[in-house]
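> Just final.txt, nothing more (compact mmCIF, C-alpha atoms):
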# COMPACT_ATOMS: atom_id res chain seq x y z
CA MET A 11 0.00 0.00 0.00
CA ILE A 12 2.85 2.39 0.89
CA THR A 13 4.24 1.92 -2.64
CA VAL A 14 1.01 3.23 -4.20
CA TYR A 15 0.93 6.19 -1.78
CA VAL A 16 4.55 7.06 -2.56
CA ILE A 17 4.02 6.89 -6.35
CA ILE A 18 0.89 9.09 -6.23
CA ALA A 19 2.52 11.50 -3.75
CA SER A 20 5.69 11.80 -5.86
CA ILE A 21 3.69 12.71 -8.98
CA LEU A 22 1.60 15.22 -7.00
CA PHE A 23 4.76 16.73 -5.46
CA LEU A 24 6.31 17.19 -8.90
CA LEU A 25 3.13 18.88 -10.20
CA LEU A 26 2.92 21.06 -7.07
CA SER A 27 6.58 22.03 -7.55
CA MET A 28 5.79 23.19 -11.08
CA LEU A 29 2.81 25.17 -9.74
CA LEU A 30 5.16 26.88 -7.27
CA GLU A 31 7.59 27.70 -10.08
CA TRP A 32 4.70 29.32 -11.94
CA VAL A 33 3.76 31.34 -8.81
CA ASP A 34 7.41 32.35 -8.44
CA ARG A 35 7.75 33.47 -12.06
CA LYS A 36 4.43 35.34 -11.98
CA VAL A 37 5.22 37.23 -8.76
CA TYR A 38 8.77 37.98 -9.95
CA ALA A 39 7.42 39.28 -13.27
CA HIS A 40 4.72 41.44 -11.66
CA VAL A 41 7.30 43.01 -9.29
CA GLN A 42 9.18 44.08 -12.44
CA HIS A 43 5.95 45.27 -14.17
CA ARG A 44 6.02 42.38 -16.62
CA VAL A 45 3.30 39.86 -17.36
CA GLY A 46 5.37 36.68 -16.93
CA PRO A 47 4.29 33.34 -18.41
CA PHE A 48 0.96 33.90 -20.18
CA VAL A 49 0.53 31.69 -23.24
CA THR A 50 0.59 28.02 -22.16
CA GLY A 51 -2.56 27.22 -20.15
CA TYR A 52 -4.56 29.66 -18.02
CA HIS A 53 -2.25 32.67 -17.45
CA GLY A 54 0.73 30.45 -18.38
CA ILE A 55 0.15 27.93 -15.58
CA LEU A 56 1.41 25.07 -17.77
CA GLN A 57 4.62 26.89 -18.79
CA PRO A 58 6.90 25.04 -16.26
CA LEU A 59 5.55 21.70 -17.53
CA ALA A 60 6.11 22.79 -21.15
CA ASP A 61 9.68 23.87 -20.29
CA PHE A 62 10.34 20.53 -18.58
CA LEU A 63 9.06 18.51 -21.56
CA LYS A 64 11.03 20.68 -23.99
CA LEU A 65 14.29 20.17 -22.09
CA MET A 66 13.67 16.42 -21.77
CA ASN A 67 13.48 16.22 -25.57
CA LYS A 68 16.59 18.30 -26.35
CA GLU A 69 19.97 16.79 -27.13
CA GLU A 70 22.60 16.57 -24.43
CA VAL A 71 25.89 18.30 -24.99
CA ILE A 72 28.83 17.16 -22.89
CA VAL A 73 32.42 18.32 -22.86
CA GLU A 74 35.29 15.95 -23.52
CA GLY A 75 36.78 14.94 -20.19
CA SER A 76 33.55 15.13 -18.15
CA ASP A 77 32.85 12.40 -15.63
CA GLU A 78 29.88 10.85 -17.41
CA PHE A 79 28.89 8.46 -14.61
CA LEU A 80 28.64 11.29 -12.08
CA LEU A 81 26.74 13.46 -14.57
CA HIS A 82 24.17 10.62 -14.94
CA ALA A 83 24.01 9.81 -11.24
CA MET A 84 23.79 13.29 -9.69
CA PRO A 85 20.42 14.39 -11.19
CA ILE A 86 18.83 11.02 -10.33
CA LEU A 87 20.16 11.08 -6.75
CA SER A 88 19.14 14.72 -6.22
CA LEU A 89 15.58 14.09 -7.41
CA SER A 90 15.28 10.91 -5.33
CA LEU A 91 16.47 12.65 -2.16
CA VAL A 92 14.25 15.70 -2.50
CA LEU A 93 11.17 13.52 -3.18
CA PHE A 94 12.09 11.31 -0.21
CA ALA A 95 12.34 14.35 2.10
CA LEU A 96 8.96 15.65 0.89
CA LEU A 97 7.29 12.40 2.03
CA PHE A 98 7.89 13.44 5.66
CA ILE A 99 6.03 16.77 5.36
CA PRO A 100 2.62 16.69 7.09
CA ILE A 101 0.04 18.02 4.63
CA THR A 102 -3.29 16.17 4.88
CA SER A 103 -3.00 15.42 8.62
CA ILE A 104 -0.54 16.08 11.43
CA GLU A 105 1.63 13.24 10.10
CA GLY A 106 3.27 12.97 6.69
CA ILE A 107 3.14 9.88 4.49
CA LEU A 108 6.27 8.83 6.35
CA SER A 109 6.81 9.72 9.98
CA LEU A 110 9.70 8.72 12.22
CA ARG A 111 11.03 9.84 15.59
CA GLY A 112 13.51 12.61 14.75
CA ASP A 113 12.41 12.98 11.11
CA LEU A 114 13.39 16.67 11.18
CA ILE A 115 17.04 15.56 11.23
CA ILE A 116 16.46 13.36 8.17
CA ILE A 117 15.01 16.31 6.23
CA LEU A 118 17.90 18.61 7.18
CA ALA A 119 20.54 15.99 6.41
CA VAL A 120 18.95 15.22 3.02
CA SER A 121 18.79 18.92 2.13
CA VAL A 122 22.52 19.26 2.89
CA ILE A 123 23.44 16.17 0.87
CA ILE A 124 21.63 17.60 -2.18
CA HIS A 125 23.96 20.61 -2.08
CA VAL A 126 27.01 18.40 -1.83
CA LEU A 127 25.72 16.60 -4.95
CA TYR A 128 25.54 20.00 -6.66
CA ILE A 129 29.18 20.63 -5.73
CA VAL A 130 30.17 17.22 -7.15
CA THR A 131 28.25 18.04 -10.36
CA GLY A 132 30.18 21.28 -10.76
CA LEU A 133 33.52 19.59 -10.10
CA SER A 134 32.83 16.73 -12.53
CA GLN A 135 32.79 19.10 -15.52
CA PRO A 136 36.08 20.23 -17.11
CA SER A 137 35.10 23.89 -17.12
CA PHE A 138 36.45 26.67 -14.95
CA PHE A 139 33.00 28.32 -14.80
CA ALA A 140 31.59 25.10 -13.33
CA SER A 141 34.51 24.80 -10.89
CA VAL A 142 34.02 28.39 -9.71
CA GLY A 143 30.27 27.70 -9.32
CA ALA A 144 30.99 24.57 -7.26
CA ALA A 145 33.47 26.46 -5.07
CA ARG A 146 30.88 29.17 -4.49
CA TRP A 147 28.32 26.51 -3.50
CA GLY A 148 30.79 25.21 -0.90
CA GLN A 149 31.40 28.66 0.55
CA LEU A 150 27.70 29.51 0.60
CA LEU A 151 26.79 26.12 2.12
CA VAL A 152 28.84 26.66 5.27
CA SER A 153 27.36 30.16 5.59
CA PHE A 154 23.62 29.52 5.29
CA GLU A 155 23.48 26.13 7.03
CA VAL A 156 24.43 27.54 10.44
CA PRO A 157 21.60 30.10 10.76
CA LEU A 158 19.18 27.55 9.29
CA LEU A 159 20.18 24.97 11.91
CA LEU A 160 19.93 27.53 14.72
CA SER A 161 16.46 28.53 13.50
CA VAL A 162 15.24 24.97 13.21
CA ALA A 163 16.71 24.30 16.65
CA SER A 164 14.56 27.17 18.01
CA ALA A 165 11.42 25.49 16.69
CA ALA A 166 12.54 22.14 18.12
CA LEU A 167 13.26 23.77 21.48
CA VAL A 168 9.82 25.41 21.73
CA ALA A 169 8.01 22.19 20.75
CA ASN A 170 10.45 20.12 22.82
CA SER A 171 10.71 17.59 19.98
CA ILE A 172 12.55 16.89 16.75
CA THR A 173 9.61 15.05 15.21
CA LEU A 174 7.50 17.01 12.73
CA SER A 175 4.17 15.55 13.91
CA ASP A 176 4.96 16.59 17.52
CA ILE A 177 5.90 20.10 16.37
CA VAL A 178 2.61 20.41 14.44
CA SER A 179 0.62 19.01 17.40
CA PHE A 180 2.26 21.58 19.69
CA GLN A 181 1.25 24.39 17.34
CA ILE A 182 -2.34 23.12 17.08
CA SER A 183 -2.73 23.17 20.86
CA ASN A 184 -0.75 26.42 21.34
CA PHE A 185 0.38 29.27 19.06
CA PRO A 186 2.35 28.90 15.81
CA ILE A 187 6.05 28.84 16.73
CA GLY A 188 6.64 31.88 14.48
CA PHE A 189 5.16 34.01 17.32
CA PHE A 190 7.87 32.80 19.73
CA ALA A 191 10.67 32.86 17.15
CA PRO A 192 10.19 35.70 14.63
CA LEU A 193 13.95 36.15 14.13
CA SER A 194 14.36 32.43 13.48
CA LEU A 195 11.54 32.63 10.93
CA LEU A 196 13.34 35.51 9.20
CA ALA A 197 16.66 33.62 9.23
CA THR A 198 14.97 30.54 7.78
CA LEU A 199 13.46 32.62 4.95
CA PHE A 200 16.87 34.08 4.03
CA SER A 201 18.61 30.70 4.30
CA SER A 202 15.90 29.21 2.09
CA LEU A 203 16.57 31.85 -0.57
CA ALA A 204 20.27 30.91 -0.48
CA LYS A 205 19.50 27.19 -0.60
CA LEU A 206 17.33 27.82 -3.66
CA GLU A 207 20.01 29.94 -5.39
CA LYS A 208 17.46 32.71 -5.78
CA THR A 209 18.46 36.37 -6.00
CA PRO A 210 20.09 37.92 -3.92
CA PHE A 211 21.94 34.60 -3.41
CA SER A 212 22.03 33.33 -6.99
CA ILE A 213 25.80 33.34 -6.66
CA PRO A 214 26.75 29.76 -7.68
CA ASP A 215 25.02 30.07 -11.07
CA ALA A 216 25.33 33.83 -11.64
CA GLU A 217 24.55 34.08 -15.38
CA THR A 218 26.23 37.43 -15.94
CA GLU A 219 29.45 36.59 -14.06
CA ILE A 220 30.12 32.88 -14.51
CA ALA A 221 27.70 31.99 -17.32
CA GLY A 222 25.56 29.61 -15.27
CA GLY A 223 28.30 28.36 -12.91
CA TRP A 224 27.93 24.71 -11.91
CA LEU A 225 25.20 24.28 -14.57
CA VAL A 226 27.17 25.79 -17.46
CA GLU A 227 27.75 22.53 -19.34
CA ILE A 228 24.52 20.83 -18.22
CA SER A 229 21.86 20.49 -20.92
CA GLY A 230 18.92 18.38 -22.10
CA ARG A 231 17.37 15.94 -19.64
CA ARG A 232 20.02 16.64 -16.98
CA LEU A 233 19.10 20.33 -16.94
CA ALA A 234 15.38 19.40 -16.90
CA ILE A 235 15.92 17.20 -13.83
CA PHE A 236 18.08 19.77 -12.01
CA ARG A 237 15.43 22.42 -12.67
CA ILE A 238 12.66 20.22 -11.31
CA VAL A 239 14.88 19.45 -8.28
CA THR A 240 15.16 23.20 -7.64
CA ASP A 241 11.36 23.50 -7.86
CA ALA A 242 10.92 20.51 -5.52
CA LYS A 243 13.40 22.11 -3.11
CA TYR A 244 11.33 25.30 -3.29
CA LEU A 245 8.33 23.18 -2.23
CA LEU A 246 10.33 21.42 0.50
CA LEU A 247 11.74 24.60 2.05
CA SER A 248 8.45 26.53 1.87
CA SER A 249 6.74 23.50 3.44
CA LEU A 250 9.38 23.38 6.16
CA VAL A 251 8.78 27.06 6.99
CA VAL A 252 5.01 26.42 7.11
CA THR A 253 5.42 23.29 9.25
CA LEU A 254 7.95 24.64 11.72
CA PHE A 255 6.79 28.22 12.17
CA LEU A 256 3.26 28.72 10.81
CA GLY A 257 1.35 25.82 12.31
CA GLY A 258 1.64 23.39 9.39
CA PRO A 259 -1.75 22.23 8.13
CA SER A 260 -3.57 23.52 11.23
CA GLY A 261 -6.48 25.95 10.93
CA PRO A 262 -10.25 26.08 11.52
CA VAL A 263 -11.74 22.82 10.20
CA LEU A 264 -15.27 21.52 9.66
CA PRO A 265 -15.97 18.17 11.35
CA GLY A 266 -15.64 15.29 8.87
CA LEU A 267 -13.67 17.36 6.36
CA GLU A 268 -10.34 17.36 8.22
CA PRO A 269 -8.06 16.00 5.44
CA ILE A 270 -9.46 18.43 2.83
CA MET A 271 -9.39 21.43 5.18
CA TYR A 272 -5.90 20.58 6.43
CA THR A 273 -4.64 20.37 2.84
CA LEU A 274 -6.36 23.64 1.96
CA TRP A 275 -4.82 25.50 4.93
CA PHE A 276 -1.41 24.04 4.14
CA LEU A 277 -1.61 25.12 0.48
CA ILE A 278 -2.75 28.65 1.39
CA LYS A 279 0.18 29.08 3.82
CA LEU A 280 2.58 27.45 1.35
CA ILE A 281 1.66 29.82 -1.49
CA ILE A 282 1.93 32.85 0.83
CA VAL A 283 5.46 31.79 1.89
CA ALA A 284 6.42 31.11 -1.74
CA MET A 285 5.13 34.56 -2.75
CA ILE A 286 7.15 36.24 0.03
CA LEU A 287 10.31 34.46 -1.18
CA SER A 288 9.61 35.49 -4.79
CA TYR A 289 8.91 39.07 -3.74
CA ILE A 290 12.25 39.32 -1.90
CA ARG A 291 13.94 37.89 -5.01
CA GLY A 292 12.29 40.56 -7.13
CA ILE A 293 13.32 43.59 -5.11
CA VAL A 294 16.96 42.83 -4.22
CA ALA A 295 20.03 42.71 -6.47
CA ARG A 296 22.52 39.83 -6.33
CA TYR A 297 25.20 39.96 -3.64
CA ARG A 298 28.85 39.18 -4.26
CA ILE A 299 30.01 35.97 -2.57
CA ASP A 300 31.92 37.86 0.17
CA GLN A 301 28.89 40.09 0.85
CA ALA A 302 26.62 37.05 1.14
CA ILE A 303 29.02 35.29 3.53
CA ARG A 304 29.33 38.42 5.66
CA LEU A 305 25.53 38.84 5.70
CA PHE A 306 24.99 35.29 6.93
CA TRP A 307 27.81 35.24 9.49
CA PHE A 308 27.56 38.81 10.82
CA ARG A 309 23.83 39.53 10.58
CA ILE A 310 21.65 36.47 10.19
CA THR A 311 23.57 33.96 12.37
CA PRO A 312 23.71 36.34 15.38
CA LEU A 313 19.97 37.05 14.98
CA ALA A 314 19.13 33.34 14.89
CA ALA A 315 21.51 32.66 17.81
CA LEU A 316 19.94 35.52 19.81
CA ASN A 317 16.47 34.10 19.28
CA LEU A 318 17.69 30.65 20.35
CA VAL A 319 19.34 32.04 23.51
CA VAL A 320 16.15 33.95 24.42
CA LEU A 321 14.11 30.78 23.93
CA ILE A 322 16.57 28.75 26.06
CA VAL A 323 16.24 31.35 28.85
CA LEU A 324 12.42 31.41 28.57
CA SER A 325 12.40 27.62 28.59
CA THR A 326 14.63 27.49 31.69
CA ILE A 327 12.46 29.87 33.71
CA GLY A 328 9.34 28.00 32.60
CA VAL A 329 7.63 30.66 30.45
CA ILE A 330 7.32 28.28 27.47
CA MET B 149 4.83 6.38 13.05
CA SER B 150 6.08 4.49 10.01
CA SER B 151 8.10 1.31 10.23
CA LEU B 152 11.68 1.22 9.03
CA VAL B 153 10.62 -1.15 6.23
CA ASP B 154 8.12 1.44 4.96
CA VAL B 155 10.84 4.08 4.93
CA LEU B 156 13.26 1.84 3.02
CA VAL B 157 10.56 0.81 0.52
CA SER B 158 9.67 4.49 -0.02
CA LEU B 159 13.32 5.37 -0.61
CA ILE B 160 13.64 2.59 -3.21
CA VAL B 161 10.36 3.64 -4.91
CA VAL B 162 11.42 7.30 -5.22
CA CYS B 163 14.80 6.18 -6.62
CA ILE B 164 12.99 4.10 -9.26
CA ILE B 165 10.63 7.00 -10.11
CA SER B 166 13.60 9.38 -10.49
CA THR B 167 15.54 6.91 -12.65
CA ILE B 168 12.54 6.31 -14.92
CA THR B 169 11.91 10.07 -15.21
CA TYR B 170 15.56 10.67 -16.12
CA PHE B 171 15.76 7.91 -18.71
CA THR B 172 12.48 8.92 -20.43
CA GLY B 173 14.38 12.00 -21.68
CA LYS B 174 16.22 11.92 -25.00
CA SER B 175 19.75 10.57 -24.78
CA ILE B 176 21.10 11.92 -28.09
CA LYS B 177 24.55 13.12 -27.19
CA ARG B 178 26.96 15.57 -28.79
CA VAL B 179 30.51 15.84 -27.46
CA ASN B 180 32.16 19.27 -27.44
CA LYS B 181 35.94 19.38 -27.57
CA ASN B 182 36.17 22.55 -25.46
CA PRO B 183 34.05 23.94 -22.64
CA PHE B 184 32.04 27.16 -22.97
CA ALA B 185 34.40 30.10 -22.43
CA SER B 186 32.72 33.28 -23.72
CA GLY B 187 34.33 33.23 -27.17
CA GLU B 188 37.81 32.18 -26.10
CA THR B 189 39.27 28.73 -26.69
CA ILE B 190 40.24 27.13 -23.43
CA PRO B 191 41.07 23.41 -23.17
CA PRO B 192 39.04 21.20 -20.81
CA GLN B 193 40.54 21.22 -17.33
CA ARG B 194 39.23 19.51 -14.22
CA ILE B 195 40.02 20.61 -10.70
CA GLN B 196 41.50 17.74 -8.73
CA TYR B 197 39.42 17.12 -5.62
CA LEU B 198 39.20 14.45 -2.98
CA LEU B 199 35.85 12.69 -2.81
CA PRO B 200 36.47 11.61 0.84
CA TRP B 201 36.66 15.33 1.72
CA LEU B 202 33.10 15.76 0.45
CA PHE B 203 31.91 12.70 2.37
CA SER B 204 33.46 14.06 5.56
CA LEU B 205 31.68 17.37 4.87
CA ILE B 206 28.35 15.51 4.68
CA VAL B 207 29.05 13.58 7.89
CA PHE B 208 30.18 16.74 9.71
CA VAL B 209 27.08 18.74 8.80
CA ALA B 210 24.72 15.84 9.50
CA ILE B 211 26.27 15.16 12.93
CA ASP B 212 26.41 18.88 13.69
CA ALA B 213 22.68 19.22 12.93
CA THR B 214 21.81 16.09 14.89
CA LEU B 215 23.72 17.11 18.00
CA LEU B 216 22.33 20.62 18.07
CA LEU B 217 18.72 19.54 17.53
CA ILE B 218 18.83 16.70 20.04
CA ALA B 219 20.48 18.97 22.57
CA VAL B 220 17.99 21.82 22.39
CA SER B 221 14.87 19.68 22.13
CA ALA B 222 15.52 17.99 25.46
CA PRO B 223 15.62 20.45 28.42
CA SER B 224 17.59 17.94 30.51
CA VAL B 225 20.65 18.49 28.31
CA LEU B 226 20.57 22.27 28.37
CA LEU B 227 24.31 22.44 29.08
CA THR B 228 24.98 20.44 25.93
CA ALA B 229 22.79 22.91 24.03
CA LEU B 230 24.82 25.82 25.33
CA ALA B 231 28.06 23.97 24.50
CA CYS B 232 26.83 23.42 20.92
CA LEU B 233 25.94 27.07 20.63
CA ALA B 234 29.38 28.03 21.94
CA LEU B 235 30.98 25.76 19.33
CA VAL B 236 28.99 27.40 16.55
CA LEU B 237 30.00 30.85 17.78
CA LEU B 238 33.62 29.71 18.10
CA SER B 239 33.66 28.48 14.51
CA PHE B 240 32.19 31.86 13.60
CA LEU B 241 35.14 33.60 15.22
CA LEU B 242 37.73 31.22 13.74
CA MET B 243 36.63 31.69 10.13
CA PRO B 244 39.39 33.07 7.87
CA TRP B 245 37.69 36.41 7.30
CA GLY B 246 40.57 38.02 5.44
CA GLU B 247 40.41 35.44 2.63
CA THR B 248 36.74 35.81 1.61
Rewrite the structure of this file - the entire thing - as structure tokens.


Amino acid sequence: MITVYVIIASILFLLLSMLLEWVDRKVYAHVQHRVGPFVTGYHGILQPLADFLKLMNKEEVIVEGSDEFLLHAMPILSLSLVLFALLFIPITSIEGILSLRGDLIIILAVSVIIHVLYIVTGLSQPSFFASVGAARWGQLLVSFEVPLLLSVASAALVANSITLSDIVSFQISNFPIGFFAPLSLLATLFSSLAKLEKTPFSIPDAETEIAGGWLVEISGRRLAIFRIVTDAKYLLLSSLVVTLFLGGPSGPVLPGLEPIMYTLWFLIKLIIVAMILSYIRGIVARYRIDQAIRLFWFRITPLAALNLVVLIVLSTIGVI
Amino acid sequence: MSSLVDVLVSLIVVCIISTITYFTGKSIKRVNKNPFASGETIPPQRIQYLLPWLFSLIVFVAIDATLLLIAVSAPSVLLTALACLALVLLSFLLMPWGET
């Protein structure tokens, strides 16, 4: 039975990821007074799917000297891991399709491993643009992971658990954790932007500086898969923000309609978070790598650490 | 809570779905002699790197995350939580700032 659930859920997650990409492109376009995708489907809603199918049918170009095995394996592994992590997100009830004690750690570990796979992809191409992109990923990774971990730790501290279903249950019976940890919420949003390579942190693939960075020699089906992985990561990180800080799928529900109402509340919160991320991307210019590192270490990490210390103190004196 | 078997089966199923998705794409391949270099001709060159270094990076970050989360989510190990926080702040101070 679990096999059927996982297959259906994986297809739905991929479609939902494409919907989020459409939301992202629409919001980004409207911030810049453009229309955005408009032709394929209602207001261009099918454009991400059309782009995916187009790339899957294009020829692959590889450079002599590339590590072909790694270039085959990395997209498959990245997509598998991001889909696996999404199975733990509680959407239709307070538990995801998969639920384990300490599943928050699994999600965080998987999200880190995906970035290491990106670095390997960049290093397996014989191009200096790709090598520079991979090096930038490494530098950015050690900068945005720390505030993200501190922020997630704040949520775990308030709920006194590292299991997503416990964190959601806590928020249903109390307030959303975002009320207790606004700075952690902010740090998570910024770290998510960096994890998604979205402006102002689109440093590893900066088109105008390093011609696409770690993706410069990636084309055809590999590019299609990496793009869908980015969309699925967008879904994963927005879902994580909703689950950890905004109450997850909780909200007013009618008796007997819990799964539908839970899903509806989750989707509403998810799209709001996705729109906030897209809006930030639309109004800020790209940072240089040193500026981004300084921002994370000097501004965002201290903010996240401060929030965690305050929560530890409040927890010790018994306020929360 | 799911059983460990369910988790393993799910992992295998998503791997199969990803592999099928990847291999449904066209595999017509063209090999370029030189990488893209904005109009210049630069021969292919790969940076030598150690794969074990990347594996240790994964293990470090995973263990770091695990320790911190376990520490702060259990009030009985508050001292460990503070020690983890101190370690994070120490690594923050020890970063080679001049080289960024």

> Just the number, please: distance in Å from atom CA of Asn67 of chain A to atom CA of Ile160 of chain B, one decimal.

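The value is 26.2 Å.
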
> If we draw a sphere of 8 Å around (15.2, 12.4, -17.3), which residues have at least one atom in it when counting all atoms listed in the file? Please report them as a PDB file with C-alpha atoms, in the coordinates of the input.


ATOM      1  CA  MET A  66      13.670  16.420 -21.770  1.00  0.00           C
ATOM      2  CA  ILE A  86      18.830  11.020 -10.330  1.00  0.00           C
ATOM      3  CA  ARG A 231      17.370  15.940 -19.640  1.00  0.00           C
ATOM      4  CA  ARG A 232      20.020  16.640 -16.980  1.00  0.00           C
ATOM      5  CA  ALA A 234      15.380  19.400 -16.900  1.00  0.00           C
ATOM      6  CA  ILE A 235      15.920  17.200 -13.830  1.00  0.00           C
TER       7      ILE A 235
ATOM      8  CA  SER B 166      13.600   9.380 -10.490  1.00  0.00           C
ATOM      9  CA  THR B 167      15.540   6.910 -12.650  1.00  0.00           C
ATOM     10  CA  ILE B 168      12.540   6.310 -14.920  1.00  0.00           C
ATOM     11  CA  THR B 169      11.910  10.070 -15.210  1.00  0.00           C
ATOM     12  CA  TYR B 170      15.560  10.670 -16.120  1.00  0.00           C
ATOM     13  CA  PHE B 171      15.760   7.910 -18.710  1.00  0.00           C
ATOM     14  CA  THR B 172      12.480   8.920 -20.430  1.00  0.00           C
ATOM     15  CA  GLY B 173      14.380  12.000 -21.680  1.00  0.00           C
ATOM     16  CA  LYS B 174      16.220  11.920 -25.000  1.00  0.00           C
TER      17      LYS B 174
END

> Residues within 7 Å of Asp215 of chain A, please, as an NGL selection string. Count only C-alpha atoms; anything in the same chain fewer than 2 positions from it doesn't count.

:A and (143 or 212-213 or 217 or 220 or 222-225)

> Around (33.0, 16.9, -14.2) in the file's frame, which residues reach within 6 Å when counting all atoms listed in the file? Return as a PyMOL selection string?

chain A and resi 76-77+133-136

> Tell me, as a list in words, which residues lie within 7 Å of Val162 of chain B, counting only C-alpha atoms; anything in the same chain fewer than 5 positions away does not count.

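Returned residues: Ser90, Leu93 and Phe94 of chain A.
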
> Could you please determine the separation between atom CA of Leu313 of chain A and atom CA of Ser201 of chain A in Å, to one decimal place?

12.5 Å

> Can you check which parts of chain A lie within 6 Å of chain B? Per residue, the shortest pair of atoms and distance in Å to one decimal, counting only C-alpha atoms, sorted by chain and number, as a Markdown table.


| residue | atom | partner | partner_atom | distance |
| --- | --- | --- | --- | --- |
| A:Met66 | CA | B:Gly173 | CA | 4.5 |
| A:Asn67 | CA | B:Lys174 | CA | 5.1 |
| A:Glu69 | CA | B:Ile176 | CA | 5.1 |
| A:Glu70 | CA | B:Lys177 | CA | 4.8 |
| A:Val71 | CA | B:Arg178 | CA | 4.8 |
| A:Ile72 | CA | B:Val179 | CA | 5.0 |
| A:Val73 | CA | B:Asn180 | CA | 4.7 |
| A:Glu74 | CA | B:Lys181 | CA | 5.3 |
| A:Ile86 | CA | B:Ser166 | CA | 5.5 |
| A:Leu89 | CA | B:Ser166 | CA | 6.0 |
| A:Ser90 | CA | B:Cys163 | CA | 4.9 |
| A:Leu108 | CA | B:Ser150 | CA | 5.7 |
| A:Ser109 | CA | B:Met149 | CA | 4.9 |
| A:Leu110 | CA | B:Met149 | CA | 5.5 |
| A:Ala119 | CA | B:Ala210 | CA | 5.2 |
| A:Pro136 | CA | B:Arg194 | CA | 4.3 |
| A:Ser137 | CA | B:Pro183 | CA | 5.6 |
| A:Ala163 | CA | B:Leu217 | CA | 5.2 |
| A:Ala166 | CA | B:Ser221 | CA | 5.2 |
| A:Leu167 | CA | B:Ser221 | CA | 4.4 |
| A:Asn170 | CA | B:Ser221 | CA | 4.5 |
| A:Ser171 | CA | B:Ser221 | CA | 5.1 |
| A:Arg231 | CA | B:Gly173 | CA | 5.4 |
| A:Asp300 | CA | B:Thr248 | CA | 5.4 |

> What gap, in Å, lies between atom CA of Val37 of chain A and atom CA of Met285 of chain A?

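Distance reported for this atom pair: 6.6 Å.
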
> Residues at most 9 Å from segment 274-281 of chain A, counting all atoms listed in the file, excluding those fewer than 2 positions away in the same chain, as a PyMOL selection string?

chain A and resi 30+33+100-102+245+248-249+251-253+256-262+269-272+283-286

> Just need the box for segment 163-179 of chain B, edges along x, y and z, holding every atom the file lists for it with 8 Å tacked onto each side, so centre and edge lengths in Å to one decimal, as lines of an AutoDock Vina configuration file.


center_x = 20.6
center_y = 10.0
center_z = -17.7
size_x = 35.9
size_y = 27.7
size_z = 38.2

> Considering all atoms listed in the file, can you say which of A:Ala315, A:Leu81, A:Val329, A:Ile177 comes closest to Ala234 of chain B?

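Checking each candidate against Ala234 of chain B, we get A:Ala315 as the closest.
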
> Add whatever atoms are absent from segment 160-172 of chain B to reach N, CA and C atoms, and provide the output as a short mmCIF file (atom, residue, chain, number, x, y, z; two decimals), keeping the file's coordinate frame.


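Output (out.cif):
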data_model
loop_
_atom_site.label_atom_id
_atom_site.label_comp_id
_atom_site.auth_asym_id
_atom_site.auth_seq_id
_atom_site.Cartn_x
_atom_site.Cartn_y
_atom_site.Cartn_z
N ILE B 160 13.39 3.35 -1.97
CA ILE B 160 13.64 2.59 -3.21
C ILE B 160 12.66 3.04 -4.30
N VAL B 161 11.38 3.24 -3.91
CA VAL B 161 10.36 3.64 -4.91
C VAL B 161 10.70 5.01 -5.51
N VAL B 162 11.09 5.99 -4.66
CA VAL B 162 11.42 7.30 -5.22
C VAL B 162 12.67 7.24 -6.11
N CYS B 163 13.60 6.36 -5.76
CA CYS B 163 14.80 6.18 -6.62
C CYS B 163 14.37 5.64 -7.98
N ILE B 164 13.44 4.68 -7.97
CA ILE B 164 12.99 4.10 -9.26
C ILE B 164 12.24 5.17 -10.07
N ILE B 165 11.38 5.95 -9.40
CA ILE B 165 10.63 7.00 -10.11
C ILE B 165 11.61 8.00 -10.74
N SER B 166 12.63 8.41 -9.97
CA SER B 166 13.60 9.38 -10.49
C SER B 166 14.37 8.81 -11.67
N THR B 167 14.77 7.53 -11.56
CA THR B 167 15.54 6.91 -12.65
C THR B 167 14.69 6.82 -13.91
N ILE B 168 13.42 6.41 -13.75
CA ILE B 168 12.54 6.31 -14.92
C ILE B 168 12.35 7.70 -15.55
N THR B 169 12.10 8.70 -14.69
CA THR B 169 11.91 10.07 -15.21
C THR B 169 13.14 10.51 -16.01
N TYR B 170 14.32 10.25 -15.45
CA TYR B 170 15.56 10.67 -16.12
C TYR B 170 15.72 9.96 -17.47
N PHE B 171 15.49 8.65 -17.48
CA PHE B 171 15.76 7.91 -18.71
C PHE B 171 14.62 8.00 -19.74
N THR B 172 13.50 8.67 -19.39
CA THR B 172 12.48 8.92 -20.43
C THR B 172 12.92 10.09 -21.32
#
